[in-house]
file coords-v9.pdb (PDB, C-alpha atoms)
ATOM      1  CA  MET T   1     -42.315   8.442 -30.743
ATOM      2  CA  ASN T   2     -45.628   7.601 -29.069
ATOM      3  CA  ALA T   3     -46.372   3.950 -28.363
ATOM      4  CA  LEU T   4     -49.123   1.614 -27.201
ATOM      5  CA  SER T   5     -48.077  -1.480 -25.243
ATOM      6  CA  LEU T   6     -50.311  -4.578 -25.396
ATOM      7  CA  PHE T   7     -49.882  -7.547 -23.008
ATOM      8  CA  SER T   8     -47.551  -5.205 -21.176
ATOM      9  CA  ASN T   9     -46.973  -7.220 -17.986
ATOM     10  CA  VAL T  10     -45.179  -4.930 -15.499
ATOM     11  CA  GLY T  11     -43.341  -2.873 -18.096
ATOM     12  CA  PHE T  12     -39.682  -3.742 -17.558
ATOM     13  CA  GLY T  13     -38.972  -3.416 -21.283
ATOM     14  CA  GLU T  14     -40.514   0.034 -21.368
ATOM     15  CA  ILE T  15     -37.875   1.295 -18.934
ATOM     16  CA  TYR T  16     -35.246   0.805 -21.638
ATOM     17  CA  LEU T  17     -37.504   2.110 -24.409
ATOM     18  CA  LYS T  18     -38.106   5.309 -22.461
ATOM     19  CA  SER T  19     -34.366   5.979 -22.461
ATOM     20  CA  LEU T  20     -34.506   5.807 -26.270
ATOM     21  CA  GLY T  21     -37.267   8.389 -26.521
ATOM     22  CA  VAL T  22     -40.195   5.998 -26.877
ATOM     23  CA  ASN T  23     -43.160   7.422 -24.970
ATOM     24  CA  VAL T  24     -45.629   4.675 -24.028
ATOM     25  CA  VAL T  25     -48.837   6.652 -23.602
ATOM     26  CA  VAL T  26     -51.247   3.735 -23.082
ATOM     27  CA  ALA T  27     -50.714   0.151 -21.923
ATOM     28  CA  ASN T  28     -53.009  -2.846 -21.529
ATOM     29  CA  GLU T  29     -52.600  -5.836 -19.236
ATOM     30  CA  LEU T  30     -55.030  -8.493 -18.015
ATOM     31  CA  GLU T  31     -53.674  -9.263 -14.534
ATOM     32  CA  GLN T  32     -54.533  -6.610 -11.961
ATOM     33  CA  ASP T  33     -51.413  -7.039  -9.812
ATOM     34  CA  ARG T  34     -49.228  -6.535 -12.885
ATOM     35  CA  CYS T  35     -51.216  -3.436 -13.799
ATOM     36  CA  GLU T  36     -50.580  -1.967 -10.363
ATOM     37  CA  LEU T  37     -46.824  -2.559 -10.555
ATOM     38  CA  TYR T  38     -46.740  -1.191 -14.104
ATOM     39  CA  SER T  39     -48.398   2.014 -12.905
ATOM     40  CA  LEU T  40     -45.807   2.356 -10.139
ATOM     41  CA  LEU T  41     -42.977   2.006 -12.649
ATOM     42  CA  HIS T  42     -44.654   4.186 -15.297
ATOM     43  CA  PRO T  43     -46.939   6.708 -13.590
ATOM     44  CA  ASP T  44     -47.267   8.810 -16.758
ATOM     45  CA  THR T  45     -48.683   5.899 -18.801
ATOM     46  CA  LYS T  46     -52.422   5.313 -18.821
ATOM     47  CA  MET T  47     -52.917   1.669 -17.836
ATOM     48  CA  ILE T  48     -56.045  -0.107 -19.086
ATOM     49  CA  SER T  49     -56.704  -3.198 -16.994
ATOM     50  CA  GLY T  50     -58.768  -5.882 -18.679
ATOM     51  CA  ASP T  51     -59.183  -8.486 -21.392
ATOM     52  CA  ILE T  52     -58.298  -7.186 -24.867
ATOM     53  CA  CYS T  53     -60.723  -9.734 -26.324
ATOM     54  CA  LYS T  54     -63.598  -7.606 -25.043
ATOM     55  CA  PRO T  55     -64.736  -4.754 -27.329
ATOM     56  CA  GLU T  56     -65.220  -2.421 -24.378
ATOM     57  CA  ILE T  57     -61.543  -2.806 -23.413
ATOM     58  CA  LYS T  58     -60.437  -1.936 -26.941
ATOM     59  CA  THR T  59     -62.692   1.120 -26.772
ATOM     60  CA  LYS T  60     -61.099   2.171 -23.474
ATOM     61  CA  ILE T  61     -57.649   1.826 -25.060
ATOM     62  CA  TYR T  62     -58.605   4.084 -27.965
ATOM     63  CA  GLU T  63     -60.338   6.635 -25.745
ATOM     64  CA  SER T  64     -57.289   6.800 -23.447
ATOM     65  CA  ILE T  65     -54.979   8.092 -26.179
ATOM     66  CA  PRO T  66     -54.509  11.788 -25.316
ATOM     67  CA  ASP T  67     -56.216  14.231 -27.667
ATOM     68  CA  GLU T  68     -52.979  16.124 -28.271
ATOM     69  CA  ILE T  69     -51.365  13.013 -29.768
ATOM     70  CA  GLU T  70     -52.131  12.897 -33.482
ATOM     71  CA  GLN T  71     -51.393   9.198 -33.792
ATOM     72  CA  ILE T  72     -49.774   6.176 -32.174
ATOM     73  CA  ASP T  73     -46.459   5.593 -33.955
ATOM     74  CA  LEU T  74     -45.673   2.154 -32.533
ATOM     75  CA  ILE T  75     -47.617  -0.790 -31.125
ATOM     76  CA  ILE T  76     -45.704  -3.272 -28.972
ATOM     77  CA  ALA T  77     -47.355  -6.687 -28.728
ATOM     78  CA  THR T  78     -45.907  -9.417 -26.518
ATOM     79  CA  PRO T  79     -48.770 -11.910 -26.097
ATOM     80  CA  PRO T  80     -48.482 -14.805 -23.607
ATOM     81  CA  CYS T  81     -46.033 -17.417 -24.867
ATOM     82  CA  GLN T  82     -47.060 -20.529 -22.900
ATOM     83  CA  GLY T  83     -49.216 -21.946 -25.672
ATOM     84  CA  MET T  84     -46.388 -21.596 -28.194
ATOM     85  CA  SER T  85     -43.468 -22.794 -26.094
ATOM     86  CA  ALA T  86     -41.704 -26.064 -26.862
ATOM     87  CA  ALA T  87     -41.921 -27.095 -23.199
ATOM     88  CA  ASN T  88     -45.691 -26.702 -23.180
ATOM     89  CA  ALA T  89     -46.041 -28.633 -26.428
ATOM     90  CA  LEU T  90     -44.108 -31.570 -24.971
ATOM     91  CA  LYS T  91     -46.297 -31.609 -21.876
ATOM     92  CA  ASN T  92     -49.543 -31.394 -23.836
ATOM     93  CA  LYS T  93     -49.062 -33.591 -26.896
ATOM     94  CA  SER T  94     -52.743 -34.528 -26.966
ATOM     95  CA  ILE T  95     -53.939 -30.907 -27.100
ATOM     96  CA  HIS T  96     -54.340 -29.182 -30.463
ATOM     97  CA  ARG T  97     -52.239 -26.080 -29.978
ATOM     98  CA  TYR T  98     -54.411 -24.067 -32.351
ATOM     99  CA  ASN T  99     -57.202 -24.368 -29.781
ATOM    100  CA  ASP T 100     -55.166 -22.579 -27.107
ATOM    101  CA  PRO T 101     -56.928 -19.212 -26.617
ATOM    102  CA  ARG T 102     -53.642 -17.538 -25.693
ATOM    103  CA  ASN T 103     -52.296 -18.207 -29.184
ATOM    104  CA  LYS T 104     -55.304 -16.416 -30.699
ATOM    105  CA  LEU T 105     -54.630 -13.166 -28.838
ATOM    106  CA  ILE T 106     -52.616 -12.031 -31.856
ATOM    107  CA  ILE T 107     -55.975 -11.714 -33.663
ATOM    108  CA  HIS T 108     -57.049  -8.981 -31.255
ATOM    109  CA  ALA T 109     -53.654  -7.274 -31.382
ATOM    110  CA  LEU T 110     -53.956  -7.012 -35.163
ATOM    111  CA  GLU T 111     -57.486  -5.649 -34.839
ATOM    112  CA  VAL T 112     -56.037  -2.828 -32.740
ATOM    113  CA  PHE T 113     -53.242  -2.361 -35.294
ATOM    114  CA  ASN T 114     -55.730  -2.001 -38.145
ATOM    115  CA  ASP T 115     -57.888   0.398 -36.157
ATOM    116  CA  LEU T 116     -54.945   2.705 -35.327
ATOM    117  CA  LEU T 117     -52.594   2.060 -38.294
ATOM    118  CA  PRO T 118     -49.328   3.109 -36.637
ATOM    119  CA  ASP T 119     -46.127   3.318 -38.670
ATOM    120  CA  TYR T 120     -44.624   0.381 -36.786
ATOM    121  CA  MET T 121     -45.574  -2.716 -34.809
ATOM    122  CA  LEU T 122     -43.203  -4.898 -32.810
ATOM    123  CA  ILE T 123     -44.258  -8.490 -32.078
ATOM    124  CA  GLU T 124     -42.098 -10.486 -29.654
ATOM    125  CA  ASN T 125     -42.523 -14.083 -28.546
ATOM    126  CA  VAL T 126     -40.821 -17.462 -28.196
ATOM    127  CA  PRO T 127     -39.223 -18.999 -31.333
ATOM    128  CA  GLY T 128     -42.106 -21.473 -31.575
ATOM    129  CA  MET T 129     -44.421 -18.663 -32.648
ATOM    130  CA  ALA T 130     -43.257 -19.013 -36.248
ATOM    131  CA  LYS T 131     -44.440 -22.636 -36.316
ATOM    132  CA  THR T 132     -47.692 -22.140 -34.424
ATOM    133  CA  PHE T 133     -51.102 -22.582 -36.054
ATOM    134  CA  ILE T 134     -54.278 -20.835 -34.910
ATOM    135  CA  ASP T 135     -57.972 -21.187 -35.597
ATOM    136  CA  ALA T 136     -58.629 -18.034 -37.617
ATOM    137  CA  GLY T 137     -62.333 -18.727 -37.942
ATOM    138  CA  ALA T 138     -62.606 -19.744 -41.582
ATOM    139  CA  GLU T 139     -59.524 -21.968 -41.465
ATOM    140  CA  ILE T 140     -56.555 -23.176 -39.435
ATOM    141  CA  MET T 141     -53.602 -20.978 -40.364
ATOM    142  CA  ASN T 142     -49.937 -20.645 -39.564
ATOM    143  CA  ILE T 143     -49.685 -17.582 -37.360
ATOM    144  CA  ILE T 144     -47.202 -15.863 -39.707
ATOM    145  CA  ASP T 145     -49.538 -16.370 -42.662
ATOM    146  CA  TYR T 146     -52.393 -15.015 -40.567
ATOM    147  CA  ILE T 147     -50.459 -11.872 -39.611
ATOM    148  CA  ASN T 148     -49.528 -11.223 -43.238
ATOM    149  CA  SER T 149     -53.129 -11.743 -44.333
ATOM    150  CA  GLN T 150     -54.299  -9.015 -41.943
ATOM    151  CA  LEU T 151     -51.768  -6.334 -42.892
ATOM    152  CA  PRO T 152     -52.747  -3.497 -45.232
ATOM    153  CA  SER T 153     -51.214  -3.824 -48.694
ATOM    154  CA  ASP T 154     -48.530  -1.203 -47.997
ATOM    155  CA  TYR T 155     -47.275  -2.921 -44.809
ATOM    156  CA  LYS T 156     -44.921  -5.862 -44.492
ATOM    157  CA  MET T 157     -43.553  -7.922 -41.611
ATOM    158  CA  ASN T 158     -39.904  -8.928 -41.423
ATOM    159  CA  TYR T 159     -39.289 -11.590 -38.794
ATOM    160  CA  LYS T 160     -36.304 -13.460 -37.437
ATOM    161  CA  ILE T 161     -35.334 -15.603 -34.474
ATOM    162  CA  LEU T 162     -32.740 -13.524 -32.628
ATOM    163  CA  ASP T 163     -30.513 -14.530 -29.729
ATOM    164  CA  ALA T 164     -29.882 -11.976 -26.984
ATOM    165  CA  LYS T 165     -26.225 -13.067 -26.751
ATOM    166  CA  ASP T 166     -25.634 -11.524 -30.169
ATOM    167  CA  TYR T 167     -26.783  -8.093 -28.972
ATOM    168  CA  ASN T 168     -24.591  -7.090 -26.017
ATOM    169  CA  THR T 169     -26.421  -9.280 -23.496
ATOM    170  CA  PRO T 170     -24.530 -11.893 -21.420
ATOM    171  CA  GLN T 171     -27.305 -14.456 -21.826
ATOM    172  CA  SER T 172     -28.346 -16.876 -24.563
ATOM    173  CA  ARG T 173     -32.071 -16.239 -24.998
ATOM    174  CA  LYS T 174     -33.749 -16.760 -28.358
ATOM    175  CA  ARG T 175     -36.857 -14.828 -29.309
ATOM    176  CA  PHE T 176     -39.136 -14.366 -32.293
ATOM    177  CA  ILE T 177     -38.981 -10.708 -33.320
ATOM    178  CA  GLY T 178     -41.475  -9.486 -35.913
ATOM    179  CA  LEU T 179     -41.054  -5.965 -37.281
ATOM    180  CA  ILE T 180     -44.048  -4.527 -39.127
ATOM    181  CA  SER T 181     -43.662  -1.312 -41.113
ATOM    182  CA  LYS T 182     -44.686   0.349 -44.338
ATOM    183  CA  ASP T 183     -42.962  -1.361 -47.268
ATOM    184  CA  GLY T 184     -41.005  -3.472 -44.761
ATOM    185  CA  LYS T 185     -38.464  -0.710 -44.190
ATOM    186  CA  TRP T 186     -37.939  -1.683 -40.540
ATOM    187  CA  GLN T 187     -35.110  -4.199 -40.531
ATOM    188  CA  HIS T 188     -33.455  -6.224 -37.771
ATOM    189  CA  PRO T 189     -30.082  -5.007 -36.513
ATOM    190  CA  ASP T 190     -26.947  -6.908 -37.425
ATOM    191  CA  ALA T 191     -25.574  -9.276 -34.807
ATOM    192  CA  ASN T 192     -22.417  -8.284 -32.970
ATOM    193  CA  SER T 193     -19.243 -10.143 -33.794
ATOM    194  CA  LYS T 194     -18.222 -10.392 -30.130
ATOM    195  CA  THR T 195     -20.205 -12.224 -27.457
ATOM    196  CA  ILE T 196     -20.188 -10.758 -23.952
ATOM    197  CA  SER T 197     -19.802 -13.354 -21.205
ATOM    198  CA  VAL T 198     -21.220 -13.146 -17.690
ATOM    199  CA  ARG T 199     -17.629 -12.654 -16.476
ATOM    200  CA  ASP T 200     -17.263  -9.704 -18.843
ATOM    201  CA  ALA T 201     -20.456  -8.164 -17.472
ATOM    202  CA  ILE T 202     -20.080  -8.650 -13.709
ATOM    203  CA  GLY T 203     -16.568 -10.026 -13.197
ATOM    204  CA  HIS T 204     -15.387  -6.710 -11.733
ATOM    205  CA  LEU T 205     -17.901  -6.872  -8.889
ATOM    206  CA  PRO T 206     -16.873  -8.156  -5.441
ATOM    207  CA  SER T 207     -17.564 -11.814  -4.688
ATOM    208  CA  LEU T 208     -20.598 -12.722  -2.623
ATOM    209  CA  GLU T 209     -20.395 -15.090   0.314
ATOM    210  CA  SER T 210     -22.510 -18.206  -0.121
TER     211      SER T 210
END
call {"tool": "encode", "arguments": {"input": "coords-v9.pdb", "output": "structure tokens"}}
result
Amino acid sequence: MNALSLFSNVGFGEIYLKSLGVNVVVANELEQDRCELYSLLHPDTKMISGDICKPEIKTKIYESIPDEIEQIDLIIATPPCQGMSAANALKNKSIHRYNDPRNKLIIHALEVFNDLLPDYMLIENVPGMAKTFIDAGAEIMNIIDYINSQLPSDYKMNYKILDAKDYNTPQSRKRFIGLISKDGKWQHPDANSKTISVRDAIGHLPSLES
């Protein structure tokens, strides 16, 4: 499966995806230092450094897809979460959150989706994403409604708030996970019945001196 990673940061998640057979052929990140570390971790991935809001950066992304690849199968989009986080909202009660430009980056991610039309798109963010509103130009819209309005008629997004502790991770960390696919066939996995504790995960290791 060939993938495009948007807002890729340094690519820690891609290390796991690679073990599952997901080949990230192109990635895009704004911050140059993150781009450099990403390229060290993933030397076979073409990294496009720059602002996805700029048409020329989108063009570079498209032109960087190798000719031998017929299509991108998956787009991974993890836009910055600060504008959607509960902590930020509490600190900035006087600011209309729909004016935060970081929240509107999903608009550009969906433009790329509609240009490439992969079979799947994964959107990950903080739980507050589901309740966030953005200025979509003609109107202020809930971000979920906006995403659905931009999908082709044969695509659907299933979304849930998942907690990492329910999926073999010794940490409680909730995240919005949106799965876009044709006819909504891509479904979230079932939660595990057993929770793994930190002791379960690292209790066998020798103690460290303080």
call {"tool": "atom_distance", "arguments": {"input": "coords-v9.pdb", "atom1": "CA of Pro152 (chain T)", "atom2": "CA of Leu116 (chain T)"}}
result
11.9 Å
call {"tool": "resolve_selection", "arguments": {"input": "coords-v9.pdb", "expression": "the PyMOL selection byres ((chain T and resi 53) around 12)", "output": "PDB file with C-alpha atoms, in the frame of the given file"}}
result
ATOM      1  CA  LEU T   6     -50.311  -4.578 -25.396  1.00  0.00           C
ATOM      2  CA  PHE T   7     -49.882  -7.547 -23.008  1.00  0.00           C
ATOM      3  CA  ASN T  28     -53.009  -2.846 -21.529  1.00  0.00           C
ATOM      4  CA  GLU T  29     -52.600  -5.836 -19.236  1.00  0.00           C
ATOM      5  CA  LEU T  30     -55.030  -8.493 -18.015  1.00  0.00           C
ATOM      6  CA  GLY T  50     -58.768  -5.882 -18.679  1.00  0.00           C
ATOM      7  CA  ASP T  51     -59.183  -8.486 -21.392  1.00  0.00           C
ATOM      8  CA  ILE T  52     -58.298  -7.186 -24.867  1.00  0.00           C
ATOM      9  CA  LYS T  54     -63.598  -7.606 -25.043  1.00  0.00           C
ATOM     10  CA  PRO T  55     -64.736  -4.754 -27.329  1.00  0.00           C
ATOM     11  CA  GLU T  56     -65.220  -2.421 -24.378  1.00  0.00           C
ATOM     12  CA  ILE T  57     -61.543  -2.806 -23.413  1.00  0.00           C
ATOM     13  CA  LYS T  58     -60.437  -1.936 -26.941  1.00  0.00           C
ATOM     14  CA  THR T  59     -62.692   1.120 -26.772  1.00  0.00           C
ATOM     15  CA  PRO T 101     -56.928 -19.212 -26.617  1.00  0.00           C
ATOM     16  CA  ARG T 102     -53.642 -17.538 -25.693  1.00  0.00           C
ATOM     17  CA  LYS T 104     -55.304 -16.416 -30.699  1.00  0.00           C
ATOM     18  CA  LEU T 105     -54.630 -13.166 -28.838  1.00  0.00           C
ATOM     19  CA  ILE T 106     -52.616 -12.031 -31.856  1.00  0.00           C
ATOM     20  CA  ILE T 107     -55.975 -11.714 -33.663  1.00  0.00           C
ATOM     21  CA  HIS T 108     -57.049  -8.981 -31.255  1.00  0.00           C
ATOM     22  CA  ALA T 109     -53.654  -7.274 -31.382  1.00  0.00           C
ATOM     23  CA  LEU T 110     -53.956  -7.012 -35.163  1.00  0.00           C
ATOM     24  CA  GLU T 111     -57.486  -5.649 -34.839  1.00  0.00           C
ATOM     25  CA  VAL T 112     -56.037  -2.828 -32.740  1.00  0.00           C
TER      26      VAL T 112
END
call {"tool": "residues_around", "arguments": {"input": "coords-v9.pdb", "residues": "region 181-198 of chain T", "least_positions_apart": "2", "cutoff": "9 Å", "atoms": "all atoms listed in the file", "output": "NGL selection string"}}
result
:T and (118-121 or 152-160 or 162-163 or 165-171 or 177-179 or 200-203)
call {"tool": "residues_around", "arguments": {"input": "coords-v9.pdb", "residues": "Ile61 (chain T)", "least_positions_apart": "6", "cutoff": "8 Å", "atoms": "all atoms listed in the file", "output": "mmCIF file with C-alpha atoms, in the frame of the given file"}}
result
data_model
loop_
_atom_site.group_PDB
_atom_site.id
_atom_site.type_symbol
_atom_site.label_atom_id
_atom_site.label_comp_id
_atom_site.auth_asym_id
_atom_site.auth_seq_id
_atom_site.Cartn_x
_atom_site.Cartn_y
_atom_site.Cartn_z
ATOM 1 C CA VAL T 26 -51.247 3.735 -23.082
ATOM 2 C CA ALA T 27 -50.714 0.151 -21.923
ATOM 3 C CA ASN T 28 -53.009 -2.846 -21.529
ATOM 4 C CA ILE T 48 -56.045 -0.107 -19.086
#
call {"tool": "residues_around", "arguments": {"input": "coords-v9.pdb", "residues": "region 31-35 of chain T", "least_positions_apart": "6", "cutoff": "7 Å", "atoms": "all atoms listed in the file", "output": "list in words"}}
result
Asn9, Val10, Met47 and Ser49 of chain T
call {"tool": "write_last_selection", "arguments": {"input": "coords-v9.pdb", "atoms": "C-alpha atoms", "output": "PDB file, in the coordinates of the input"}}
result
ATOM      1  CA  ASN T   9     -46.973  -7.220 -17.986  1.00  0.00           C
ATOM      2  CA  VAL T  10     -45.179  -4.930 -15.499  1.00  0.00           C
ATOM      3  CA  MET T  47     -52.917   1.669 -17.836  1.00  0.00           C
ATOM      4  CA  SER T  49     -56.704  -3.198 -16.994  1.00  0.00           C
TER       5      SER T  49
END
call {"tool": "atom_distance", "arguments": {"input": "coords-v9.pdb", "atom1": "CA of Ser149 (chain T)", "atom2": "CA of Arg175 (chain T)"}}
result
22.4 Å
